[in-house]
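Next up, query_8.txt (compact mmCIF, C-alpha atoms and all ligand atoms):
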```txt
# COMPACT_ATOMS: atom_id res chain seq x y z
CA MET A 1 -124.43 149.87 -148.97
CA GLU A 2 -121.88 147.06 -148.56
CA PHE A 3 -118.86 147.13 -150.92
CA SER A 4 -116.87 144.01 -150.03
CA LYS A 5 -118.42 142.02 -152.91
CA TYR A 6 -119.01 145.02 -155.16
CA LEU A 7 -117.10 143.76 -158.22
CA LYS A 8 -119.02 140.46 -158.14
CA GLU A 9 -122.38 142.21 -157.92
CA TYR A 10 -121.98 145.15 -160.31
CA PRO A 11 -122.85 145.35 -163.08
CA ASP A 12 -125.64 142.75 -162.91
CA LYS A 13 -126.13 140.22 -165.72
CA ASP A 14 -127.94 142.83 -167.85
CA GLY A 15 -125.06 145.23 -167.52
CA LYS A 16 -126.92 147.45 -165.05
CA PHE A 17 -125.53 149.46 -162.18
CA GLY A 18 -128.81 149.93 -160.32
CA SER A 19 -131.05 151.65 -162.88
CA TYR A 20 -128.08 152.90 -164.97
CA GLY A 21 -126.11 151.25 -167.77
CA GLY A 22 -127.55 148.45 -169.90
CA ALA A 23 -127.32 148.15 -173.68
CA TYR A 24 -129.66 150.07 -175.99
CA LEU A 25 -128.69 148.80 -179.42
CA PRO A 26 -129.98 148.31 -182.96
CA GLU A 27 -131.20 144.72 -183.17
CA GLN A 28 -128.47 143.49 -185.54
CA LEU A 29 -125.75 144.47 -183.04
CA VAL A 30 -127.23 142.62 -180.05
CA PRO A 31 -125.49 139.29 -180.92
CA ALA A 32 -122.19 141.09 -181.60
CA MET A 33 -122.24 142.68 -178.13
CA LYS A 34 -123.18 139.33 -176.57
CA ASP A 35 -120.16 137.75 -178.28
CA ILE A 36 -117.86 140.44 -176.91
CA GLU A 37 -119.32 140.00 -173.42
CA GLN A 38 -118.98 136.21 -173.59
CA ALA A 39 -115.39 136.41 -174.85
CA TYR A 40 -114.49 138.91 -172.15
CA LEU A 41 -116.04 136.84 -169.35
CA THR A 42 -114.08 133.84 -170.62
CA ILE A 43 -110.68 135.49 -170.90
CA CYS A 44 -110.84 137.47 -167.70
CA HIS A 45 -110.77 134.13 -165.86
CA SER A 46 -108.02 132.69 -168.07
CA SER A 47 -104.57 132.67 -166.50
CA GLN A 48 -103.01 132.86 -169.97
CA PHE A 49 -104.84 136.14 -170.71
CA ILE A 50 -104.12 137.57 -167.27
CA ASN A 51 -100.43 136.72 -167.54
CA GLU A 52 -100.16 138.14 -171.04
CA LEU A 53 -101.82 141.41 -169.96
CA ARG A 54 -99.52 141.54 -166.94
CA ARG A 55 -96.46 141.12 -169.16
CA ILE A 56 -97.67 143.86 -171.54
CA ARG A 57 -98.31 146.24 -168.63
CA LYS A 58 -94.82 145.72 -167.31
CA GLU A 59 -92.66 145.45 -170.41
CA PHE A 60 -94.50 147.60 -172.94
CA GLN A 61 -96.44 150.16 -170.90
CA GLY A 62 -93.82 150.59 -168.19
CA ARG A 63 -96.10 149.78 -165.24
CA PRO A 64 -96.36 150.11 -162.35
CA THR A 65 -96.33 153.90 -162.60
CA PRO A 66 -95.13 155.52 -159.35
CA VAL A 67 -97.01 157.33 -156.61
CA TYR A 68 -95.27 160.64 -155.95
CA HIS A 69 -95.42 163.01 -152.95
CA CYS A 70 -95.72 166.68 -154.00
CA GLU A 71 -93.70 168.10 -151.15
CA ARG A 72 -93.16 171.61 -152.42
CA LEU A 73 -96.71 172.07 -153.70
CA SER A 74 -98.15 170.76 -150.41
CA ARG A 75 -95.90 173.03 -148.32
CA MET A 76 -96.94 176.07 -150.35
CA ILE A 77 -100.59 175.34 -149.51
CA GLY A 78 -100.25 174.28 -145.86
CA ASN A 79 -100.21 171.03 -143.89
CA CYS A 80 -102.26 168.67 -146.03
CA GLN A 81 -100.11 166.39 -148.23
CA ILE A 82 -100.85 165.92 -151.94
CA TYR A 83 -99.78 162.73 -153.76
CA LEU A 84 -100.00 161.88 -157.46
CA LYS A 85 -100.54 158.55 -159.19
CA ARG A 86 -98.34 159.14 -162.23
CA GLU A 87 -100.41 157.89 -165.19
CA ASP A 88 -98.63 160.58 -167.22
CA LEU A 89 -95.67 158.18 -167.16
CA ASN A 90 -97.67 155.34 -168.71
CA HIS A 91 -96.47 154.66 -172.30
CA SER A 92 -97.98 157.17 -174.77
CA GLY A 93 -98.50 159.67 -171.94
CA ALA A 94 -101.88 158.91 -170.40
CA HIS A 95 -104.10 156.27 -168.79
CA LYS A 96 -105.96 155.51 -172.06
CA LEU A 97 -103.51 152.83 -173.09
CA ASN A 98 -104.61 150.76 -170.05
CA HIS A 99 -107.93 149.92 -171.68
CA CYS A 100 -106.77 150.07 -175.31
CA MET A 101 -104.23 147.28 -174.66
CA GLY A 102 -106.97 145.23 -172.98
CA GLU A 103 -109.33 145.82 -175.91
CA GLY A 104 -106.58 144.92 -178.39
CA LEU A 105 -105.83 141.69 -176.58
CA LEU A 106 -109.55 140.85 -176.56
CA ALA A 107 -109.79 141.53 -180.32
CA LYS A 108 -106.85 139.19 -180.88
CA PHE A 109 -108.44 136.47 -178.72
CA MET A 110 -111.72 136.78 -180.64
CA GLY A 111 -109.88 136.43 -183.96
CA LYS A 112 -110.87 139.92 -185.15
CA HIS A 113 -108.49 141.57 -187.63
CA ARG A 114 -109.50 145.16 -187.21
CA ILE A 115 -110.19 147.70 -184.46
CA ILE A 116 -111.93 151.02 -185.06
CA ALA A 117 -112.91 154.09 -183.06
CA GLU A 118 -113.74 157.74 -183.27
CA THR A 119 -111.54 160.39 -181.72
CA GLY A 120 -112.04 164.05 -180.82
CA ALA A 121 -108.77 165.57 -179.68
CA GLY A 122 -106.95 162.48 -180.92
CA GLN A 123 -105.87 161.03 -177.57
CA HIS A 124 -108.00 157.91 -177.85
CA GLY A 125 -107.01 157.52 -181.50
CA VAL A 126 -103.32 157.58 -180.62
CA ALA A 127 -103.73 155.06 -177.79
CA LEU A 128 -105.73 152.71 -180.01
CA ALA A 129 -103.29 153.07 -182.90
CA THR A 130 -100.51 152.18 -180.45
CA ALA A 131 -102.37 149.03 -179.38
CA ALA A 132 -103.08 148.11 -183.01
CA ALA A 133 -99.39 148.38 -183.92
CA PHE A 134 -98.46 146.24 -180.93
CA PHE A 135 -100.95 143.47 -181.78
CA GLY A 136 -100.62 143.69 -185.58
CA LEU A 137 -104.26 144.69 -186.09
CA GLU A 138 -105.70 146.95 -188.76
CA CYS A 139 -106.85 150.24 -187.28
CA THR A 140 -109.27 152.85 -188.60
CA ILE A 141 -109.88 156.09 -186.72
CA TYR A 142 -112.74 158.44 -187.61
CA MET A 143 -112.09 162.09 -186.92
CA GLY A 144 -114.01 165.26 -187.81
CA GLU A 145 -112.26 167.54 -190.33
CA VAL A 146 -112.37 170.42 -187.86
CA ASP A 147 -110.58 168.31 -185.25
CA ILE A 148 -108.05 167.07 -187.82
CA ALA A 149 -107.09 170.67 -188.55
CA LYS A 150 -106.76 171.48 -184.84
CA GLN A 151 -104.87 168.36 -183.75
CA ALA A 152 -102.12 167.97 -186.34
CA PRO A 153 -99.54 166.36 -183.98
CA ASN A 154 -101.95 163.59 -182.89
CA VAL A 155 -103.04 162.97 -186.50
CA ALA A 156 -99.36 162.60 -187.42
CA ARG A 157 -98.77 160.18 -184.53
CA MET A 158 -101.71 157.98 -185.57
CA LYS A 159 -100.48 157.86 -189.16
CA VAL A 160 -96.89 157.07 -188.18
CA LEU A 161 -98.27 154.25 -186.02
CA GLY A 162 -99.93 152.86 -189.14
CA ALA A 163 -103.57 153.80 -188.51
CA ASN A 164 -105.95 154.81 -191.27
CA VAL A 165 -107.33 158.23 -190.24
CA VAL A 166 -110.66 158.91 -191.99
CA PRO A 167 -111.73 162.57 -192.16
CA VAL A 168 -115.45 163.09 -191.48
CA SER A 169 -116.83 166.02 -193.44
CA ARG A 170 -120.55 165.98 -192.66
CA GLY A 171 -122.41 168.24 -190.21
CA LEU A 172 -120.24 170.19 -187.80
CA LYS A 173 -117.26 167.95 -188.69
CA THR A 174 -116.40 167.20 -185.06
CA LEU A 175 -116.70 164.37 -182.53
CA LYS A 176 -120.43 163.68 -182.83
CA GLU A 177 -120.24 163.11 -186.59
CA ALA A 178 -117.12 160.99 -186.09
CA VAL A 179 -119.09 158.78 -183.65
CA ASP A 180 -121.85 158.36 -186.25
CA ALA A 181 -119.34 157.44 -188.98
CA ALA A 182 -117.53 154.91 -186.77
CA PHE A 183 -120.87 153.39 -185.80
CA GLU A 184 -121.88 152.97 -189.45
CA ASP A 185 -118.57 151.25 -190.16
CA TYR A 186 -119.19 148.91 -187.22
CA LEU A 187 -122.72 148.05 -188.41
CA GLU A 188 -121.24 146.89 -191.71
CA ASN A 189 -118.14 145.16 -190.39
CA TYR A 190 -118.87 143.77 -186.93
CA GLU A 191 -117.92 140.27 -188.03
CA ASP A 192 -114.22 141.04 -188.28
CA THR A 193 -114.04 144.33 -186.35
CA ILE A 194 -114.33 145.57 -182.77
CA TYR A 195 -115.45 149.11 -182.09
CA CYS A 196 -113.19 150.11 -179.19
CA ILE A 197 -114.94 152.63 -177.01
CA GLY A 198 -112.65 155.29 -175.54
CA SER A 199 -114.01 155.58 -172.01
CA ALA A 200 -116.18 153.82 -169.40
CA VAL A 201 -119.27 154.62 -171.50
CA GLY A 202 -121.36 152.99 -174.25
CA PRO A 203 -123.47 149.83 -174.13
CA HIS A 204 -122.68 146.89 -171.85
CA PRO A 205 -120.10 145.27 -171.68
CA PHE A 206 -117.90 148.33 -172.39
CA PRO A 207 -118.35 150.25 -169.11
CA MET A 208 -117.49 147.05 -167.21
CA MET A 209 -114.52 146.09 -169.40
CA VAL A 210 -113.02 149.57 -169.41
CA ARG A 211 -113.45 149.78 -165.61
CA ASP A 212 -111.76 146.43 -165.14
CA PHE A 213 -108.86 147.32 -167.46
CA GLN A 214 -108.40 150.70 -165.75
CA SER A 215 -108.60 149.25 -162.23
CA VAL A 216 -104.89 148.52 -162.43
CA VAL A 217 -104.45 152.23 -161.60
CA GLY A 218 -106.33 152.11 -158.28
CA VAL A 219 -105.01 148.68 -157.30
CA GLU A 220 -101.41 149.82 -157.76
CA ALA A 221 -101.97 153.22 -156.15
CA ARG A 222 -103.67 151.75 -153.08
CA GLU A 223 -100.84 149.28 -152.53
CA GLN A 224 -98.11 151.85 -153.19
CA PHE A 225 -99.63 154.47 -150.90
CA GLN A 226 -100.14 151.93 -148.12
CA GLU A 227 -96.55 150.77 -148.46
CA MET A 228 -95.18 154.33 -148.44
CA MET A 229 -97.26 155.61 -145.54
CA GLY A 230 -98.60 152.63 -143.61
CA PHE A 231 -102.18 153.92 -143.98
CA LEU A 232 -104.59 155.03 -146.71
CA PRO A 233 -105.18 158.58 -147.99
CA ASP A 234 -108.11 160.60 -146.60
CA VAL A 235 -109.30 161.66 -150.06
CA VAL A 236 -108.92 160.04 -153.48
CA THR A 237 -109.73 162.14 -156.53
CA ALA A 238 -109.61 162.14 -160.35
CA CYS A 239 -111.01 164.15 -163.25
CA VAL A 240 -114.18 162.88 -164.96
CA GLY A 241 -114.79 163.11 -168.70
CA GLY A 242 -116.43 159.85 -169.75
CA GLY A 243 -115.13 158.50 -166.47
CA SER A 244 -112.45 155.89 -167.25
CA ASN A 245 -109.39 157.12 -165.35
CA SER A 246 -111.60 158.00 -162.38
CA ILE A 247 -113.51 154.72 -162.19
CA GLY A 248 -110.24 152.78 -162.42
CA MET A 249 -108.82 154.82 -159.56
CA PHE A 250 -111.98 154.72 -157.41
CA VAL A 251 -113.22 151.13 -157.50
CA PRO A 252 -110.30 149.57 -155.54
CA PHE A 253 -110.97 152.10 -152.72
CA LEU A 254 -114.76 151.59 -152.48
CA ASN A 255 -114.57 149.32 -149.44
CA ASP A 256 -112.11 151.59 -147.58
CA PRO A 257 -112.79 154.47 -145.17
CA VAL A 258 -111.67 156.94 -147.84
CA GLU A 259 -113.56 159.92 -149.25
CA ILE A 260 -113.84 159.65 -153.06
CA VAL A 261 -114.44 162.67 -155.28
CA GLY A 262 -114.78 162.96 -159.08
CA VAL A 263 -113.99 166.36 -160.61
CA GLU A 264 -115.94 167.66 -163.61
CA PRO A 265 -115.07 170.61 -165.86
CA LEU A 266 -117.01 173.81 -165.11
CA GLY A 267 -115.36 175.52 -168.11
CA ARG A 268 -116.34 179.18 -168.36
CA GLY A 269 -119.30 178.89 -165.99
CA GLU A 270 -122.73 177.43 -165.23
CA LYS A 271 -124.57 178.39 -168.44
CA MET A 272 -125.49 175.58 -170.84
CA GLY A 273 -122.77 175.33 -173.48
CA ASP A 274 -120.10 176.79 -171.18
CA HIS A 275 -119.22 173.61 -169.26
CA ALA A 276 -119.36 169.80 -169.39
CA ALA A 277 -120.30 169.06 -165.76
CA SER A 278 -122.80 166.29 -166.60
CA MET A 279 -123.19 164.88 -163.09
CA THR A 280 -123.60 168.32 -161.53
CA TYR A 281 -126.14 169.82 -163.95
CA GLY A 282 -127.50 166.83 -165.89
CA SER A 283 -130.47 164.49 -165.54
CA LYS A 284 -131.25 160.83 -166.23
CA GLY A 285 -131.48 159.77 -169.85
CA VAL A 286 -130.36 157.35 -172.56
CA MET A 287 -127.63 158.29 -175.03
CA HIS A 288 -125.02 156.42 -177.13
CA GLY A 289 -126.50 153.08 -176.09
CA PHE A 290 -126.59 153.40 -172.29
CA ASP A 291 -128.64 154.90 -169.45
CA SER A 292 -126.89 157.50 -167.31
CA ILE A 293 -126.88 161.15 -166.29
CA MET A 294 -126.62 163.53 -169.23
CA LEU A 295 -126.74 167.19 -170.15
CA LYS A 296 -129.77 167.84 -172.35
CA ASP A 297 -130.88 170.85 -174.34
CA GLU A 298 -134.49 172.11 -174.40
CA ASN A 299 -135.43 169.33 -176.89
CA GLY A 300 -133.99 166.56 -174.74
CA GLU A 301 -131.05 166.11 -177.13
CA PRO A 302 -127.42 166.00 -175.90
CA ALA A 303 -126.54 169.59 -174.98
CA PRO A 304 -123.55 171.50 -176.40
CA VAL A 305 -120.59 171.22 -174.03
CA TYR A 306 -117.32 173.02 -173.54
CA SER A 307 -114.11 172.65 -171.53
CA ILE A 308 -110.57 173.94 -171.99
CA ALA A 309 -109.63 170.23 -171.74
CA SER A 310 -110.91 168.56 -174.89
CA GLY A 311 -110.78 165.13 -173.22
CA LEU A 312 -113.45 166.21 -170.75
CA ASP A 313 -116.09 167.73 -173.01
CA TYR A 314 -118.60 164.89 -173.15
CA PRO A 315 -122.30 165.53 -172.35
CA SER A 316 -122.75 162.37 -170.30
CA VAL A 317 -120.77 160.16 -167.94
CA GLY A 318 -120.19 156.44 -167.43
CA PRO A 319 -123.23 154.73 -165.81
CA GLU A 320 -121.25 153.44 -162.84
CA HIS A 321 -120.54 157.01 -161.73
CA ALA A 322 -124.26 157.82 -161.77
CA PHE A 323 -124.85 154.74 -159.61
CA LEU A 324 -122.01 155.39 -157.15
CA ARG A 325 -123.30 158.89 -156.54
CA GLU A 326 -126.88 157.66 -156.12
CA VAL A 327 -125.84 155.20 -153.40
CA GLY A 328 -123.83 157.96 -151.72
CA ARG A 329 -120.36 156.44 -152.13
CA VAL A 330 -118.72 158.93 -154.53
CA LYS A 331 -119.14 162.71 -154.58
CA TYR A 332 -118.73 164.96 -157.60
CA ASP A 333 -117.37 168.48 -157.60
CA VAL A 334 -116.20 170.91 -160.30
CA ALA A 335 -113.17 172.96 -161.34
CA THR A 336 -113.23 175.83 -163.86
CA ASP A 337 -110.89 176.44 -166.81
CA GLU A 338 -109.20 179.12 -164.79
CA GLU A 339 -108.58 176.86 -161.79
CA ALA A 340 -107.25 174.14 -164.10
CA VAL A 341 -104.78 176.52 -165.78
CA ASP A 342 -103.63 177.76 -162.36
CA ALA A 343 -103.00 174.14 -161.29
CA PHE A 344 -101.25 173.43 -164.63
CA PHE A 345 -98.67 176.15 -163.98
CA LYS A 346 -98.30 175.46 -160.26
CA LEU A 347 -97.61 171.75 -160.73
CA SER A 348 -95.14 172.60 -163.52
CA ARG A 349 -93.28 175.24 -161.51
CA TYR A 350 -93.35 173.58 -158.09
CA GLU A 351 -92.81 169.96 -159.01
CA GLY A 352 -91.39 169.84 -162.54
CA ILE A 353 -94.44 167.96 -163.80
CA ILE A 354 -96.44 169.41 -166.72
CA PRO A 355 -99.93 167.89 -166.37
CA ALA A 356 -102.57 167.41 -169.07
CA LEU A 357 -105.29 170.07 -168.83
CA GLU A 358 -107.76 167.25 -168.04
CA SER A 359 -105.69 166.07 -165.08
CA SER A 360 -105.16 169.71 -164.02
CA HIS A 361 -108.84 169.77 -162.99
CA ALA A 362 -108.19 167.06 -160.39
CA VAL A 363 -105.02 168.82 -159.21
CA ALA A 364 -106.99 172.09 -158.87
CA TYR A 365 -109.60 170.36 -156.73
CA ALA A 366 -106.90 168.73 -154.58
CA MET A 367 -105.28 172.13 -154.02
CA ARG A 368 -108.61 173.67 -152.99
CA ARG A 369 -109.39 170.77 -150.63
CA ALA A 370 -105.86 170.73 -149.18
CA LYS A 371 -106.27 174.35 -148.20
CA GLU A 372 -109.64 173.68 -146.50
CA MET A 373 -108.52 170.49 -144.72
CA ASN A 374 -105.02 171.70 -143.74
CA THR A 375 -104.22 168.19 -142.48
CA GLY A 376 -104.23 164.59 -143.77
CA SER A 377 -103.55 163.50 -147.34
CA ILE A 378 -105.06 163.57 -150.82
CA LEU A 379 -104.21 161.13 -153.61
CA VAL A 380 -104.79 162.46 -157.16
CA ASN A 381 -104.86 160.40 -160.32
CA LEU A 382 -102.66 162.40 -162.70
CA SER A 383 -104.26 160.93 -165.82
CA GLY A 384 -101.85 162.33 -168.42
CA ARG A 385 -98.98 164.60 -169.37
CA GLY A 386 -99.41 168.12 -170.73
CA ASP A 387 -97.11 168.20 -173.76
CA LYS A 388 -100.16 168.04 -176.04
CA ASP A 389 -101.58 171.19 -174.39
CA LEU A 390 -98.45 173.36 -174.40
CA ASP A 391 -99.00 175.27 -177.65
CA TYR A 392 -102.56 176.16 -176.68
CA VAL A 393 -101.71 177.20 -173.12
CA ILE A 394 -98.72 179.31 -174.18
CA GLU A 395 -100.75 181.09 -176.85
CA LYS A 396 -103.56 181.94 -174.41
CA TYR A 397 -101.75 182.32 -171.08
CA GLY A 398 -98.07 182.83 -171.86
CA PHE A 399 -95.42 180.94 -169.93
CA GLY A 400 -96.98 181.44 -166.52
CA GLU A 401 -94.85 184.49 -165.75
CA LYS A 402 -97.08 185.47 -162.86
CA TYR A 403 -95.96 182.33 -161.03
CA LYS A 404 -92.25 183.03 -161.36
CA ASP A 405 -91.69 184.27 -157.82
CA PHE A 406 -92.95 181.10 -156.18
CA LYS A 407 -90.44 179.56 -153.85
C1 LIG A 501 -109.22 161.35 -172.35
C2 LIG A 501 -108.58 161.87 -171.14
C3 LIG A 501 -109.31 162.10 -169.95
C4 LIG A 501 -110.79 161.92 -169.84
O1 LIG A 501 -111.28 160.64 -170.03
P1 LIG A 501 -111.86 159.73 -168.86
O2 LIG A 501 -112.48 158.61 -169.59
O3 LIG A 501 -112.85 160.54 -168.07
O4 LIG A 501 -110.73 159.32 -168.01
C5 LIG A 501 -108.62 162.52 -168.82
N1 LIG A 501 -107.29 162.75 -168.86
C6 LIG A 501 -106.56 162.56 -169.98
C7 LIG A 501 -105.09 162.84 -169.93
C8 LIG A 501 -107.17 162.12 -171.16
O5 LIG A 501 -106.43 161.95 -172.27
```
Starting from the file, give its structure as structure tokens.
Ligand SMILES: *Cc1c(COP(=O)(O)O)cnc(C)c1O
Amino acid sequence: MEFSKYLKEYPDKDGKFGSYGGAYLPEQLVPAMKDIEQAYLTICHSSQFINELRRIRKEFQGRPTPVYHCERLSRMIGNCQIYLKREDLNHSGAHKLNHCMGEGLLAKFMGKHRIIAETGAGQHGVALATAAAFFGLECTIYMGEVDIAKQAPNVARMKVLGANVVPVSRGLKTLKEAVDAAFEDYLENYEDTIYCIGSAVGPHPFPMMVRDFQSVVGVEAREQFQEMMGFLPDVVTACVGGGSNSIGMFVPFLNDPVEIVGVEPLGRGEKMGDHAASMTYGSKGVMHGFDSIMLKDENGEPAPVYSIASGLDYPSVGPEHAFLREVGRVKYDVATDEEAVDAFFKLSRYEGIIPALESSHAVAYAMRRAKEMNTGSILVNLSGRGDKDLDYVIEKYGFGEKYKDFK
């Protein structure tokens, strides 16, 4: 397949990436999604919008984030060089703000007063609450009661930022019920509200918009790496939950002679319920309004999933990933909890960078590949910082004492 005109050709006018994607919606929401698509297609060609987003990225988010050479970590492994795109240095500590600021600006342009979303671990909620504060929009975040109890610091951050956090007490009181509650809110309020999806998933136009907003990561990284080295990396990699930080990193490299690999969480192992490796173990299906690859249980319903990284435990993946694998351009591999924790401590101790457990999966894969290749270079998207994971890691694994003799 030819990739030089990829962004013009995909998704097609129905929001499809090959046979994946699209919009499977209740009838009353079809016009609302069309409005969002129309508004987006208008503003993404408007120089005023592009300049405003550029200013926000620079002055508020602190972009561009640097590309960093992990000299000590690379030397410990061998001759292959590992580089990080430092999305952990993006304001609020992860890549999620890249699309939340875009979605906020779109809401403002459309004259909406309110943005809503669900959140699991609270990362998306915090990023959206940040965008809402910046743009002066009302913000409501739905969160399961179980998650609220587990994620007190993120709940506090959302509230300090002025968001209305609504506890969801039905069913298992976690992410799935929070999605349902946010969706019901949207059905009632779509005239003055946008439901801001937290990854490159959901009905068209969200996978396209989130990809475009996240592409700033890959565009910057490609330019920065080229300027540093005079050539491109051999391998580009990122962790895959819903697939937003990875798709943003990957798309600008599609037309280059670069191997691209997405890393999914293998959790505790291959059994259903022990991992969230949708691309590796899933099959084609429709869920949450779009067609993609998903993990299903014996009844064809979304399967239970698990990962040590709560940002990765989603039973499906953005439709563009399913397509890019089908056409043979992107490969998908896995890393276990154990490998991720090992990478978490090694990056902390060797480089002074504490990575998010999500991002640690990509670092773990890069370390494994670096050892096999023993030459060349690997560029990793370090999607976020690990402060949010510290309490959990320390309680379960201590302070990484077994790594203390590393030189
Ligand atoms: C949410 C999150 C992810 C996973 O989401 P994607 O949409 O797959 O990028 C990865 N890393 C961090 C730090 C996150 O907060």
Original post:
In Å, how far is it from CA of Gly285 (chain A) to CA of Glu9 (chain A)?
Top reply: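 CA of Glu9 (chain A) lies 23.1 Å from CA of Gly285 (chain A).
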**OP:** Rank nothing, just name the residue among A:Tyr314, A:Tyr350, A:Phe183, A:Tyr332 nearest to ligand LIG 501 (chain A), using all atoms listed in the file.
**Re:**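 Answer, going by the shortest atom-to-atom distance: A:Tyr314.
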Subject >> Ser283 (chain A) environment, 9 Å, only C-alpha atoms, sequence neighbours closer than 3 positions dropped, as an MDAnalysis selection string >> reply: chainID A and resid 278:280 292:296
Let me have all residues with an atom within 9 Å of ligand LIG 501 (chain A), counting all atoms listed in the file, laid out as an mmCIF file with C-alpha atoms, in the frame of the given file.
```cif
data_model
loop_
_atom_site.group_PDB
_atom_site.id
_atom_site.type_symbol
_atom_site.label_atom_id
_atom_site.label_comp_id
_atom_site.auth_asym_id
_atom_site.auth_seq_id
_atom_site.Cartn_x
_atom_site.Cartn_y
_atom_site.Cartn_z
ATOM 1 C CA GLU A 87 -100.410 157.890 -165.190
ATOM 2 C CA ASP A 88 -98.630 160.580 -167.220
ATOM 3 C CA GLY A 93 -98.500 159.670 -171.940
ATOM 4 C CA ALA A 94 -101.880 158.910 -170.400
ATOM 5 C CA HIS A 95 -104.100 156.270 -168.790
ATOM 6 C CA LYS A 96 -105.960 155.510 -172.060
ATOM 7 C CA ALA A 121 -108.770 165.570 -179.680
ATOM 8 C CA GLY A 122 -106.950 162.480 -180.920
ATOM 9 C CA GLN A 123 -105.870 161.030 -177.570
ATOM 10 C CA HIS A 124 -108.000 157.910 -177.850
ATOM 11 C CA GLY A 198 -112.650 155.290 -175.540
ATOM 12 C CA SER A 199 -114.010 155.580 -172.010
ATOM 13 C CA ALA A 200 -116.180 153.820 -169.400
ATOM 14 C CA VAL A 201 -119.270 154.620 -171.500
ATOM 15 C CA ALA A 238 -109.610 162.140 -160.350
ATOM 16 C CA CYS A 239 -111.010 164.150 -163.250
ATOM 17 C CA VAL A 240 -114.180 162.880 -164.960
ATOM 18 C CA GLY A 241 -114.790 163.110 -168.700
ATOM 19 C CA GLY A 242 -116.430 159.850 -169.750
ATOM 20 C CA GLY A 243 -115.130 158.500 -166.470
ATOM 21 C CA SER A 244 -112.450 155.890 -167.250
ATOM 22 C CA ASN A 245 -109.390 157.120 -165.350
ATOM 23 C CA SER A 246 -111.600 158.000 -162.380
ATOM 24 C CA ILE A 247 -113.510 154.720 -162.190
ATOM 25 C CA GLY A 248 -110.240 152.780 -162.420
ATOM 26 C CA GLU A 264 -115.940 167.660 -163.610
ATOM 27 C CA ALA A 309 -109.630 170.230 -171.740
ATOM 28 C CA SER A 310 -110.910 168.560 -174.890
ATOM 29 C CA GLY A 311 -110.780 165.130 -173.220
ATOM 30 C CA LEU A 312 -113.450 166.210 -170.750
ATOM 31 C CA ASP A 313 -116.090 167.730 -173.010
ATOM 32 C CA TYR A 314 -118.600 164.890 -173.150
ATOM 33 C CA VAL A 317 -120.770 160.160 -167.940
ATOM 34 C CA GLY A 318 -120.190 156.440 -167.430
ATOM 35 C CA PRO A 355 -99.930 167.890 -166.370
ATOM 36 C CA ALA A 356 -102.570 167.410 -169.070
ATOM 37 C CA LEU A 357 -105.290 170.070 -168.830
ATOM 38 C CA GLU A 358 -107.760 167.250 -168.040
ATOM 39 C CA SER A 359 -105.690 166.070 -165.080
ATOM 40 C CA SER A 360 -105.160 169.710 -164.020
ATOM 41 C CA LEU A 382 -102.660 162.400 -162.700
ATOM 42 C CA SER A 383 -104.260 160.930 -165.820
ATOM 43 C CA GLY A 384 -101.850 162.330 -168.420
ATOM 44 C CA ARG A 385 -98.980 164.600 -169.370
ATOM 45 C CA GLY A 386 -99.410 168.120 -170.730
#
```
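Taking CA of Asp147 (chain A) and CA of Leu172 (chain A) as endpoints, the distance between them is 10.2 Å.
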**OP:** Record the distance separating CA of Gln61 (chain A) and CA of Cys100 (chain A), expressed in Å with one decimal.
**Re:**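 Going from CA of Gln61 (chain A) over to CA of Cys100 (chain A), I get 11.2 Å.
Non-sequential neighbours of Phe109 (chain A) (distance at most 12 Å, separation of 5 or more positions within a chain, only C-alpha atoms) are Asp35, Ile36, Gln38, Ala39, Tyr40, Thr42, Ile43, Cys44, Ser46, Gln48, Phe49, Glu52, Gly102, Glu103, Gly104, Phe135, Leu137 and Ile194 of chain A.
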Print the selection's residues with C-alpha atoms to a file, as a PDB file, keeping the file's coordinate frame.
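The result, written out as again-v4.pdb:
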```pdb
ATOM      1  CA  ASP A  35    -120.160 137.750-178.280  1.00  0.00           C
ATOM      2  CA  ILE A  36    -117.860 140.440-176.910  1.00  0.00           C
ATOM      3  CA  GLN A  38    -118.980 136.210-173.590  1.00  0.00           C
ATOM      4  CA  ALA A  39    -115.390 136.410-174.850  1.00  0.00           C
ATOM      5  CA  TYR A  40    -114.490 138.910-172.150  1.00  0.00           C
ATOM      6  CA  THR A  42    -114.080 133.840-170.620  1.00  0.00           C
ATOM      7  CA  ILE A  43    -110.680 135.490-170.900  1.00  0.00           C
ATOM      8  CA  CYS A  44    -110.840 137.470-167.700  1.00  0.00           C
ATOM      9  CA  SER A  46    -108.020 132.690-168.070  1.00  0.00           C
ATOM     10  CA  GLN A  48    -103.010 132.860-169.970  1.00  0.00           C
ATOM     11  CA  PHE A  49    -104.840 136.140-170.710  1.00  0.00           C
ATOM     12  CA  GLU A  52    -100.160 138.140-171.040  1.00  0.00           C
ATOM     13  CA  GLY A 102    -106.970 145.230-172.980  1.00  0.00           C
ATOM     14  CA  GLU A 103    -109.330 145.820-175.910  1.00  0.00           C
ATOM     15  CA  GLY A 104    -106.580 144.920-178.390  1.00  0.00           C
ATOM     16  CA  PHE A 135    -100.950 143.470-181.780  1.00  0.00           C
ATOM     17  CA  LEU A 137    -104.260 144.690-186.090  1.00  0.00           C
ATOM     18  CA  ILE A 194    -114.330 145.570-182.770  1.00  0.00           C
TER      19      ILE A 194
END
```
Original post:
So which one's closest to Arg211 (chain A), A:Phe399, A:Tyr10, A:Tyr195, A:Phe345? Using all atoms listed in the file, please.
Top reply: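 Ranked by minimum distance to Arg211 (chain A), first place goes to A:Tyr10.
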Original post:
What would the list of residues within 6 Å of (-95.9, 160.3, -154.7) (file frame) look like as number ranges by chain, if only C-alpha atoms are what count?
Top reply: A: 67-69, 83-84
